[in-house]
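A.B. asks: Following this message is one structure expressed as structure tokens.
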Amino acid sequence: MNTKYNKVLGGVCSCLLLLGSCFLTACSDYLDVTPSDKQTAAQVFASKEGFYTAANGIYNALAGDELYGKQMTWEALDLMAPSYVTTYSSQYMKSLAANNYSDPYAAPVLSSIWQKAYEVIMNCNLLIDQIDQQQGKLSSTEANCLKGEMLAVRALLHLDMLRLFGPVPQTGMDKLAIPYNNSTDVYVHDLVTVAEADSLVLVDLNEAEELLKNDPIIENGPMMSPATGIESVQMRYRQYRMNYYAVIALKARAYNWVCDSENAIAQAQRLIGDQKVQQMFPPVDPNQLLANNTNPDRVYSSEVFMGVYDKDRDQVYQNYFASTAPRNQRLQTLSTYVTGNLGLFNHLLLGPETTDYRFQSQWEIASGLGATGYSFIKFKPIDRPDPLDEDSEYYYSKMIPLITMQEMYYIMLESSPSDMEKFSWYNKARVRRGLPDLEAMGMGETFAMYWGYGYGGYFYDQEVRRETWGLGQYFFYAKHNQFYGEYGSYTPMASGSGNSSYLIDIQPPLPAGEMK
């Protein structure tokens with residue numbers, strides 16, 4: 001197979017997307033620029049509004065089904081983990097869950113992810129190019145912020161294509177992985193290695209960080225509320241854009257992926273150790289979550305550095321997770337998986353942990369035809385602030401998180417050198433979810449001992465499963481750490497059990513439609 005990425009089709013489609021169909025996507029209330037029908041580049045970028053219309057089209061594409069509105073979060077990647085029983089599921093779901101990536105059912109799903117990612121990457125490149133060419137249409141602050149955002153979106157997509165389709169870094173840093181497209185020219189790009197791709201991601205993120213040094217989020221926080229007076233909405237709702245803090249978090253993720261522990265720790269600590277950042281992105285408030293039956297924030301939006309606005313998110317629960325969802329597309333765990341003896345919320349050493357905020361707010365007992373165990377309700381619709389106003393909504397009611405503060409604690413855990421340090425970060429992450437402080441209880445040495453016996457992977461695996469269900473991130477964590485078993489069952493390597501459910505070095509093939 002020729003190891004080159006054919007960008008001709010992707011480039012042509014991207015140009016059309018940027019100048020036409022992308023603008024026809026309905027913008028949310030928070031990305032409120034009315035799109036125009038097909039226009040030339042000169043028309044689109046003749047005014048400030050045109051730049052933001054193009055950017056909004058890119059953000060809306062991120063929230064589409066092929067990317068983070070479905071396949072890259074709660075469906076394909078969670079099926080690949082695997083997280084669900086697929087006995088009665090559609091064939092493509094069964095194929096993804098069985099890691100049959102090349103069969104005629106799963107391959108089109110993976111191909112659609114790949115193609116859409118590179119279309120959006122090309123759109124970012126085109127917009128960056130126009131920002132550089134059309135100086136004066138935007139203020140310097142606006143131009144720098146918008147260019148920084150687009151560089152960061154480009155880095156996000158490349159990193160996720162690397163994590164999904166590339167080799168495991170621990171054994172494949174010098175292996176060819178993906179193409180890195182940072183140009184508007186239409187030509188065939190060679191594949192670059194894992195090390196080269198990650199380095200290029202960091203080049204983009206470093207430039208983005210510099211450009212975003214005047215991001216209003218630094219002084220004013222996320223600003224997740226409507227603009228007032230003549231203020232532009234485009235500089236608000238920073239959690240729905242690739243902001244300054246999201247860039248730092250993404251740098252931590254990129255360093256962590258290639259096992260650069262020193263730099264991963266440095267970047268994660270910039271966020272965890274900054275009191276102002278902790279105040280801007282505080283842990284979810286249990287009083288607003290567990291005692292709130294009308295509009296609970298089940299995605300813990302206060303902790304989200306960056307997420308997408310999915311205007312159709314209510315349908316996700318109704319069509320895929322509710323007990324009443326069609327049986328062939330219902331995403332359901334094993335009947336005993338959530339609270340059984342080896343369940344998600346039954347700790348190996350500590351026993352049942354149903355006081356966990358995640359258990360209390362994101363799962364409910366299933367009921368309905370063929371439904372057993374628990375249903376996942378993270379994306380269940382919530383009440384509007386004004387029941388009589390169809391346009392009123394809480395901003396988090398449509399959010400799907402992509403980058404969070406909690407992930408920074410996991411990166412610290414992975415990157416820390418000693419078992420005691422790993423346990424300490426594990427404990428800190430759990431305390432944020434309403435669980436007992438194990439260090440304060442004097443259990444540090446016990447847990448560190450078990451960590452050394454090989455059970456640390458089990459503790460970490462279970463914690464990440466609880467946190468990232470529905471977000472697609474567990475597949476990446478498991479691939480990176482080279483452990484996961486069927487429906488989350490984990491048996492430590494050191495136990496010598498010979499668990500046959502290990503799936504090591506999961507690497508879907510690059511989609512054939514994009515290879516020349």
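All residue names refer to the structure tokens as shown: chains lettered A, B, ... in order, residues numbered from 1 in each chain, ligands numbered from 1 in order.
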Would you give me, as JSON, numbers by chain, the residues in range 236-420 of chain A that DSSP reads as strand (DSSP E)?

C.D. replies: {"A": [304, 305, 306, 307, 308, 309, 346, 347, 351, 352, 363, 364, 365, 374, 375, 376, 399, 400, 401, 402, 403, 404]}

A.B. asks: Which residues come within 9 Å of Met93 in chain A, counting only C-alpha atoms, excluding same-chain residues fewer than 6 positions away, as a PDB file with all heavy atoms, in the first residue's frame?

C.D. replies:
ATOM      1  N   GLU A  75     -20.556   7.223  20.657  1.00  0.00           N
ATOM      2  CA  GLU A  75     -20.912   6.007  19.930  1.00  0.00           C
ATOM      3  C   GLU A  75     -19.692   5.192  19.506  1.00  0.00           C
ATOM      4  O   GLU A  75     -19.290   4.276  20.206  1.00  0.00           O
ATOM      5  CB  GLU A  75     -21.796   6.296  18.709  1.00  0.00           C
ATOM      6  CG  GLU A  75     -22.393   4.961  18.203  1.00  0.00           C
ATOM      7  CD  GLU A  75     -23.179   5.081  16.904  1.00  0.00           C
ATOM      8  OE1 GLU A  75     -22.570   5.410  15.878  1.00  0.00           O
ATOM      9  OE2 GLU A  75     -24.394   4.821  16.942  1.00  0.00           O
ATOM     10  N   ALA A  76     -19.075   5.503  18.367  1.00  0.00           N
ATOM     11  CA  ALA A  76     -18.048   4.617  17.807  1.00  0.00           C
ATOM     12  C   ALA A  76     -16.929   4.325  18.800  1.00  0.00           C
ATOM     13  O   ALA A  76     -16.579   3.159  19.035  1.00  0.00           O
ATOM     14  CB  ALA A  76     -17.485   5.214  16.527  1.00  0.00           C
ATOM     15  N   LEU A  79     -18.079   2.241  21.692  1.00  0.00           N
ATOM     16  CA  LEU A  79     -18.307   0.870  21.242  1.00  0.00           C
ATOM     17  C   LEU A  79     -16.982   0.123  21.096  1.00  0.00           C
ATOM     18  O   LEU A  79     -16.871  -1.054  21.430  1.00  0.00           O
ATOM     19  CB  LEU A  79     -19.046   0.865  19.897  1.00  0.00           C
ATOM     20  CG  LEU A  79     -20.546   1.128  19.960  1.00  0.00           C
ATOM     21  CD1 LEU A  79     -21.079   1.481  18.574  1.00  0.00           C
ATOM     22  CD2 LEU A  79     -21.296  -0.081  20.517  1.00  0.00           C
ATOM     23  N   MET A  80     -15.962   0.822  20.605  1.00  0.00           N
ATOM     24  CA  MET A  80     -14.659   0.200  20.398  1.00  0.00           C
ATOM     25  C   MET A  80     -13.953  -0.083  21.712  1.00  0.00           C
ATOM     26  O   MET A  80     -12.990  -0.840  21.743  1.00  0.00           O
ATOM     27  CB  MET A  80     -13.797   1.109  19.513  1.00  0.00           C
ATOM     28  CG  MET A  80     -14.296   1.192  18.072  1.00  0.00           C
ATOM     29  SD  MET A  80     -13.657   2.638  17.156  1.00  0.00           S
ATOM     30  CE  MET A  80     -11.899   2.289  17.153  1.00  0.00           C
ATOM     31  N   THR A  86     -23.846  -5.835  22.600  1.00  0.00           N
ATOM     32  CA  THR A  86     -24.297  -5.592  21.229  1.00  0.00           C
ATOM     33  C   THR A  86     -25.076  -6.774  20.646  1.00  0.00           C
ATOM     34  O   THR A  86     -25.185  -6.912  19.434  1.00  0.00           O
ATOM     35  CB  THR A  86     -23.097  -5.267  20.322  1.00  0.00           C
ATOM     36  OG1 THR A  86     -22.151  -6.343  20.396  1.00  0.00           O
ATOM     37  CG2 THR A  86     -22.429  -3.968  20.725  1.00  0.00           C
ATOM     38  N   TYR A 105     -19.093  -3.071   7.457  1.00  0.00           N
ATOM     39  CA  TYR A 105     -19.993  -2.333   8.337  1.00  0.00           C
ATOM     40  C   TYR A 105     -19.237  -1.274   9.141  1.00  0.00           C
ATOM     41  O   TYR A 105     -19.688  -0.138   9.273  1.00  0.00           O
ATOM     42  CB  TYR A 105     -20.715  -3.295   9.282  1.00  0.00           C
ATOM     43  CG  TYR A 105     -21.532  -4.329   8.567  1.00  0.00           C
ATOM     44  CD1 TYR A 105     -21.044  -5.619   8.375  1.00  0.00           C
ATOM     45  CD2 TYR A 105     -22.788  -4.009   8.058  1.00  0.00           C
ATOM     46  CE1 TYR A 105     -21.796  -6.575   7.707  1.00  0.00           C
ATOM     47  CE2 TYR A 105     -23.544  -4.957   7.381  1.00  0.00           C
ATOM     48  CZ  TYR A 105     -23.044  -6.243   7.210  1.00  0.00           C
ATOM     49  OH  TYR A 105     -23.777  -7.181   6.539  1.00  0.00           O
ATOM     50  N   ALA A 106     -18.097  -1.650   9.703  1.00  0.00           N
ATOM     51  CA  ALA A 106     -17.335  -0.716  10.530  1.00  0.00           C
ATOM     52  C   ALA A 106     -16.493   0.244   9.705  1.00  0.00           C
ATOM     53  O   ALA A 106     -16.335   1.419  10.078  1.00  0.00           O
ATOM     54  CB  ALA A 106     -16.433  -1.490  11.482  1.00  0.00           C
ATOM     55  N   GLN A 329     -30.413  -0.089  18.388  1.00  0.00           N
ATOM     56  CA  GLN A 329     -29.438   0.991  18.552  1.00  0.00           C
ATOM     57  C   GLN A 329     -29.291   1.433  20.009  1.00  0.00           C
ATOM     58  O   GLN A 329     -28.537   2.364  20.291  1.00  0.00           O
ATOM     59  CB  GLN A 329     -29.818   2.191  17.680  1.00  0.00           C
ATOM     60  CG  GLN A 329     -31.134   2.862  18.025  1.00  0.00           C
ATOM     61  CD  GLN A 329     -31.504   3.933  17.004  1.00  0.00           C
ATOM     62  OE1 GLN A 329     -31.294   3.748  15.801  1.00  0.00           O
ATOM     63  NE2 GLN A 329     -32.031   5.051  17.463  1.00  0.00           N
TER      64      GLN A 329
END

A.B. asks: DSSP on the backbone: what in range 49-167 of chain A comes out alpha helix (DSSP H), as JSON, numbers by chain?

C.D. replies: {"A": [49, 50, 51, 52, 53, 54, 55, 56, 57, 58, 59, 60, 61, 62, 76, 77, 78, 79, 80, 91, 92, 93, 94, 95, 96, 97, 106, 107, 108, 109, 110, 111, 112, 113, 114, 115, 116, 117, 118, 119, 120, 121, 122, 123, 124, 125, 126, 127, 128, 129, 130, 131, 132, 133, 140, 141, 142, 143, 144, 145, 146, 147, 148, 149, 150, 151, 152, 153, 154, 155, 156, 157, 158, 159, 160, 161, 162, 163, 164, 165]}

A.B. asks: For range 336-349 of chain A, list every protein, DNA or RNA residue within 9 Å, evaluated using only C-alpha atoms, and leave out those in the same chain fewer than 6 positions away; present the list as a PyMOL selection string.

C.D. replies: chain A and resi 356+359+363+372-374+447+458-459+462-463+465-466+487-489

A.B. asks: Go ahead and save the picked residues with N, CA, C and O atoms, as a short mmCIF file (atom, residue, chain, number, x, y, z; two decimals), in the first residue's frame.

C.D. replies:
data_model
loop_
_atom_site.label_atom_id
_atom_site.label_comp_id
_atom_site.auth_asym_id
_atom_site.auth_seq_id
_atom_site.Cartn_x
_atom_site.Cartn_y
_atom_site.Cartn_z
N ASP A 356 -20.63 7.98 44.82
CA ASP A 356 -19.91 8.69 43.75
C ASP A 356 -20.91 9.58 42.99
O ASP A 356 -21.98 9.14 42.59
N PHE A 359 -22.19 8.09 39.78
CA PHE A 359 -23.24 7.07 39.90
C PHE A 359 -24.59 7.74 40.16
O PHE A 359 -25.61 7.39 39.56
N TRP A 363 -26.46 7.74 36.03
CA TRP A 363 -27.01 6.41 35.80
C TRP A 363 -28.36 6.29 36.51
O TRP A 363 -28.54 6.84 37.59
N THR A 372 -32.25 -3.86 30.80
CA THR A 372 -31.85 -4.43 32.09
C THR A 372 -30.74 -3.59 32.70
O THR A 372 -30.08 -2.81 32.02
N GLY A 373 -30.52 -3.76 33.99
CA GLY A 373 -29.43 -3.05 34.64
C GLY A 373 -29.69 -1.56 34.73
O GLY A 373 -30.73 -1.13 35.20
N TYR A 374 -28.74 -0.77 34.24
CA TYR A 374 -28.81 0.68 34.34
C TYR A 374 -28.74 1.33 32.97
O TYR A 374 -28.09 0.82 32.05
N PHE A 447 -2.51 1.47 49.50
CA PHE A 447 -2.79 1.59 48.07
C PHE A 447 -1.51 1.57 47.25
O PHE A 447 -1.46 0.99 46.17
N TYR A 458 -5.83 -1.48 37.57
CA TYR A 458 -7.26 -1.71 37.82
C TYR A 458 -7.90 -0.47 38.42
O TYR A 458 -8.96 -0.03 37.99
N PHE A 459 -7.26 0.11 39.45
CA PHE A 459 -7.82 1.30 40.09
C PHE A 459 -7.99 2.43 39.08
O PHE A 459 -9.02 3.10 39.03
N GLN A 462 -10.72 1.73 36.33
CA GLN A 462 -12.08 1.91 36.83
C GLN A 462 -12.42 3.39 36.99
O GLN A 462 -13.51 3.83 36.65
N GLU A 463 -11.46 4.17 37.49
CA GLU A 463 -11.69 5.60 37.67
C GLU A 463 -11.93 6.30 36.34
O GLU A 463 -12.86 7.12 36.20
N ARG A 465 -12.94 4.95 33.54
CA ARG A 465 -14.22 4.46 33.01
C ARG A 465 -15.37 5.28 33.56
O ARG A 465 -16.27 5.71 32.84
N ARG A 466 -15.37 5.46 34.89
CA ARG A 466 -16.46 6.20 35.52
C ARG A 466 -16.56 7.62 34.96
O ARG A 466 -17.64 8.14 34.71
N TYR A 487 -16.15 -5.22 28.39
CA TYR A 487 -17.09 -4.53 29.28
C TYR A 487 -16.40 -3.99 30.53
O TYR A 487 -17.01 -3.88 31.59
N GLY A 488 -15.13 -3.66 30.40
CA GLY A 488 -14.45 -3.01 31.51
C GLY A 488 -13.83 -3.95 32.52
O GLY A 488 -13.24 -3.51 33.48
N SER A 489 -13.99 -5.27 32.35
CA SER A 489 -13.38 -6.18 33.32
C SER A 489 -11.87 -6.13 33.17
O SER A 489 -11.35 -6.23 32.08
#

A.B. asks: Work out how far CA of Ser139 in chain A is from CA of Asn214 in chain A, in Å to one decimal.

C.D. replies: 12.3 Å

A.B. asks: Give me, please, the distance in Å between CA of Arg154 in chain A and CA of Ile121 in chain A, quoted to one decimal.

C.D. replies: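 Rounded to one decimal, the two atoms are 5.3 Å apart.
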
A.B. asks: Env of Lys147 in chain A: 9 Å cut, atoms = only C-alpha atoms, seq-sep filter 4 positions within chain, self excluded. Answer as a VMD selection string.

C.D. replies: chain A and resid 124 127 to 128 131 to 132 142 to 143 151 to 152 208 211 to 212

A.B. asks: Got time to write the residues from that selection, N, CA and C atoms, as a PDB file, in the first residue's frame?

C.D. replies:
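Generated output (out.pdb):
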ATOM      1  N   CYS A 124      -9.809  24.945   8.529  1.00  0.00           N
ATOM      2  CA  CYS A 124      -8.989  25.728   9.455  1.00  0.00           C
ATOM      3  C   CYS A 124      -7.835  26.394   8.712  1.00  0.00           C
ATOM      4  N   LEU A 127      -9.081  29.320   6.642  1.00  0.00           N
ATOM      5  CA  LEU A 127      -9.422  30.481   7.459  1.00  0.00           C
ATOM      6  C   LEU A 127      -8.167  31.152   8.011  1.00  0.00           C
ATOM      7  N   ILE A 128      -7.208  30.367   8.441  1.00  0.00           N
ATOM      8  CA  ILE A 128      -5.931  30.934   8.899  1.00  0.00           C
ATOM      9  C   ILE A 128      -5.290  31.752   7.790  1.00  0.00           C
ATOM     10  N   ILE A 131      -7.082  35.051   7.410  1.00  0.00           N
ATOM     11  CA  ILE A 131      -6.760  35.972   8.504  1.00  0.00           C
ATOM     12  C   ILE A 131      -5.428  36.665   8.224  1.00  0.00           C
ATOM     13  N   ASP A 132      -4.460  35.895   7.711  1.00  0.00           N
ATOM     14  CA  ASP A 132      -3.153  36.472   7.392  1.00  0.00           C
ATOM     15  C   ASP A 132      -3.231  37.438   6.218  1.00  0.00           C
ATOM     16  N   GLU A 142      -8.730  40.415  17.883  1.00  0.00           N
ATOM     17  CA  GLU A 142      -9.653  39.469  17.258  1.00  0.00           C
ATOM     18  C   GLU A 142      -8.927  38.527  16.307  1.00  0.00           C
ATOM     19  N   ALA A 143      -8.027  39.080  15.494  1.00  0.00           N
ATOM     20  CA  ALA A 143      -7.293  38.256  14.529  1.00  0.00           C
ATOM     21  C   ALA A 143      -6.420  37.232  15.242  1.00  0.00           C
ATOM     22  N   LEU A 151      -5.673  27.293  14.857  1.00  0.00           N
ATOM     23  CA  LEU A 151      -4.477  26.457  15.004  1.00  0.00           C
ATOM     24  C   LEU A 151      -4.719  25.354  16.033  1.00  0.00           C
ATOM     25  N   ALA A 152      -5.420  25.713  17.104  1.00  0.00           N
ATOM     26  CA  ALA A 152      -5.685  24.732  18.162  1.00  0.00           C
ATOM     27  C   ALA A 152      -6.687  23.678  17.708  1.00  0.00           C
ATOM     28  N   ALA A 208      -0.472  28.803  18.984  1.00  0.00           N
ATOM     29  CA  ALA A 208      -1.818  29.159  19.429  1.00  0.00           C
ATOM     30  C   ALA A 208      -1.775  29.805  20.812  1.00  0.00           C
ATOM     31  N   LEU A 211      -0.651  33.369  20.490  1.00  0.00           N
ATOM     32  CA  LEU A 211      -1.678  34.209  19.879  1.00  0.00           C
ATOM     33  C   LEU A 211      -2.843  34.466  20.831  1.00  0.00           C
ATOM     34  N   LEU A 212      -3.102  33.534  21.727  1.00  0.00           N
ATOM     35  CA  LEU A 212      -4.236  33.642  22.639  1.00  0.00           C
ATOM     36  C   LEU A 212      -3.870  34.262  23.989  1.00  0.00           C
TER      37      LEU A 212
END

A.B. asks: Quick one: residues within 10 Å of Pro401 in chain A, only C-alpha atoms counted, chain neighbours fewer than 3 positions away excluded, as a PDB file with N, CA and C atoms, in the first residue's frame?

C.D. replies:
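Output contents, as saved in around20.pdb:
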ATOM      1  N   TYR A  68     -17.387  14.974  17.047  1.00  0.00           N
ATOM      2  CA  TYR A  68     -17.620  14.905  18.491  1.00  0.00           C
ATOM      3  C   TYR A  68     -19.089  14.942  18.893  1.00  0.00           C
ATOM      4  N   THR A  73     -17.202  10.483  20.308  1.00  0.00           N
ATOM      5  CA  THR A  73     -17.494  10.563  21.737  1.00  0.00           C
ATOM      6  C   THR A  73     -18.307   9.348  22.177  1.00  0.00           C
ATOM      7  N   GLN A 239     -15.884  28.498  26.540  1.00  0.00           N
ATOM      8  CA  GLN A 239     -15.814  27.042  26.661  1.00  0.00           C
ATOM      9  C   GLN A 239     -16.274  26.338  25.385  1.00  0.00           C
ATOM     10  N   TYR A 240     -16.949  27.050  24.509  1.00  0.00           N
ATOM     11  CA  TYR A 240     -17.342  26.482  23.226  1.00  0.00           C
ATOM     12  C   TYR A 240     -16.344  26.832  22.128  1.00  0.00           C
ATOM     13  N   VAL A 299     -22.985  16.994  32.879  1.00  0.00           N
ATOM     14  CA  VAL A 299     -21.697  16.950  32.169  1.00  0.00           C
ATOM     15  C   VAL A 299     -20.612  17.692  32.936  1.00  0.00           C
ATOM     16  N   TYR A 300     -20.949  18.214  34.144  1.00  0.00           N
ATOM     17  CA  TYR A 300     -19.982  18.903  35.000  1.00  0.00           C
ATOM     18  C   TYR A 300     -19.296  20.035  34.234  1.00  0.00           C
ATOM     19  N   SER A 301     -20.111  20.887  33.645  1.00  0.00           N
ATOM     20  CA  SER A 301     -19.612  21.898  32.715  1.00  0.00           C
ATOM     21  C   SER A 301     -18.657  22.891  33.351  1.00  0.00           C
ATOM     22  N   GLU A 303     -16.144  22.368  34.923  1.00  0.00           N
ATOM     23  CA  GLU A 303     -14.781  21.853  34.834  1.00  0.00           C
ATOM     24  C   GLU A 303     -14.278  21.735  33.399  1.00  0.00           C
ATOM     25  N   VAL A 304     -15.092  22.126  32.431  1.00  0.00           N
ATOM     26  CA  VAL A 304     -14.779  21.886  31.021  1.00  0.00           C
ATOM     27  C   VAL A 304     -13.966  23.040  30.444  1.00  0.00           C
ATOM     28  N   PHE A 305     -12.786  22.739  29.952  1.00  0.00           N
ATOM     29  CA  PHE A 305     -11.979  23.752  29.269  1.00  0.00           C
ATOM     30  C   PHE A 305     -12.526  24.024  27.870  1.00  0.00           C
ATOM     31  N   MET A 306     -12.973  22.966  27.197  1.00  0.00           N
ATOM     32  CA  MET A 306     -13.541  23.151  25.870  1.00  0.00           C
ATOM     33  C   MET A 306     -14.488  22.004  25.560  1.00  0.00           C
ATOM     34  N   GLY A 307     -15.655  22.337  25.025  1.00  0.00           N
ATOM     35  CA  GLY A 307     -16.612  21.339  24.584  1.00  0.00           C
ATOM     36  C   GLY A 307     -17.296  21.810  23.319  1.00  0.00           C
ATOM     37  N   VAL A 308     -18.116  20.957  22.734  1.00  0.00           N
ATOM     38  CA  VAL A 308     -18.869  21.349  21.542  1.00  0.00           C
ATOM     39  C   VAL A 308     -20.334  21.556  21.928  1.00  0.00           C
ATOM     40  N   TYR A 309     -20.992  22.413  21.169  1.00  0.00           N
ATOM     41  CA  TYR A 309     -22.416  22.683  21.340  1.00  0.00           C
ATOM     42  C   TYR A 309     -23.172  21.812  20.348  1.00  0.00           C
ATOM     43  N   TYR A 396     -25.214  24.483  29.331  1.00  0.00           N
ATOM     44  CA  TYR A 396     -24.658  23.134  29.445  1.00  0.00           C
ATOM     45  C   TYR A 396     -25.628  22.055  28.982  1.00  0.00           C
ATOM     46  N   LYS A 398     -26.641  21.509  26.118  1.00  0.00           N
ATOM     47  CA  LYS A 398     -26.269  21.049  24.780  1.00  0.00           C
ATOM     48  C   LYS A 398     -24.775  20.729  24.687  1.00  0.00           C
ATOM     49  N   THR A 404     -11.102  18.541  29.824  1.00  0.00           N
ATOM     50  CA  THR A 404     -11.565  18.899  31.162  1.00  0.00           C
ATOM     51  C   THR A 404     -10.430  18.996  32.180  1.00  0.00           C
ATOM     52  N   THR A 468     -15.225   9.056  32.071  1.00  0.00           N
ATOM     53  CA  THR A 468     -15.263   9.379  30.642  1.00  0.00           C
ATOM     54  C   THR A 468     -16.347   8.629  29.879  1.00  0.00           C
ATOM     55  N   GLY A 470     -19.288   7.915  27.772  1.00  0.00           N
ATOM     56  CA  GLY A 470     -20.037   8.784  26.878  1.00  0.00           C
ATOM     57  C   GLY A 470     -19.204   9.845  26.202  1.00  0.00           C
ATOM     58  N   LEU A 471     -17.913   9.921  26.501  1.00  0.00           N
ATOM     59  CA  LEU A 471     -17.064  10.965  25.942  1.00  0.00           C
ATOM     60  C   LEU A 471     -16.006  10.428  24.984  1.00  0.00           C
TER      61      LEU A 471
END

A.B. asks: Of the candidates A:Leu331, A:Leu110, A:Ile217, A:Leu510, which one gets nearest to Arg241 in chain A if we count only C-alpha atoms?

C.D. replies: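 Under the stated criterion, the closest residue is A:Ile217.
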
A.B. asks: Enter the distance from CA of Ser302 in chain A to CA of Val247 in chain A, in Å, rounded to one decimal.

C.D. replies: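 We find that CA of Ser302 in chain A and CA of Val247 in chain A lie 17.1 Å from each other.
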
A.B. asks: Can you pull out the residues contacting Leu156 in chain A? Cut-off 10 Å, using only C-alpha atoms, and skip same-chain residues under 4 positions away; I want them as an MDAnalysis selection string.

C.D. replies: chainID A and resid 117 121 150:152 160:162 201 204:205 242 247 250:251 253:254 402

A.B. asks: Need to verify the contact set: Thr333 in chain A, 7 Å, only C-alpha atoms, exclusion of same-chain residues closer than 4 positions in sequence. Can you return it as a PDB file with N, CA and C atoms, in the first residue's frame?

C.D. replies:
ATOM      1  N   SER A  83     -17.821  -0.822  25.476  1.00  0.00           N
ATOM      2  CA  SER A  83     -18.585  -0.418  26.651  1.00  0.00           C
ATOM      3  C   SER A  83     -19.990  -0.997  26.706  1.00  0.00           C
ATOM      4  N   TYR A  84     -20.445  -1.619  25.620  1.00  0.00           N
ATOM      5  CA  TYR A  84     -21.854  -1.997  25.563  1.00  0.00           C
ATOM      6  C   TYR A  84     -22.065  -3.431  25.067  1.00  0.00           C
ATOM      7  N   VAL A  85     -23.197  -3.989  25.484  1.00  0.00           N
ATOM      8  CA  VAL A  85     -23.650  -5.272  24.955  1.00  0.00           C
ATOM      9  C   VAL A  85     -24.224  -5.028  23.564  1.00  0.00           C
ATOM     10  N   TYR A 337     -23.177  -4.835  35.287  1.00  0.00           N
ATOM     11  CA  TYR A 337     -21.888  -4.157  35.172  1.00  0.00           C
ATOM     12  C   TYR A 337     -21.768  -2.919  36.059  1.00  0.00           C
TER      13      TYR A 337
END
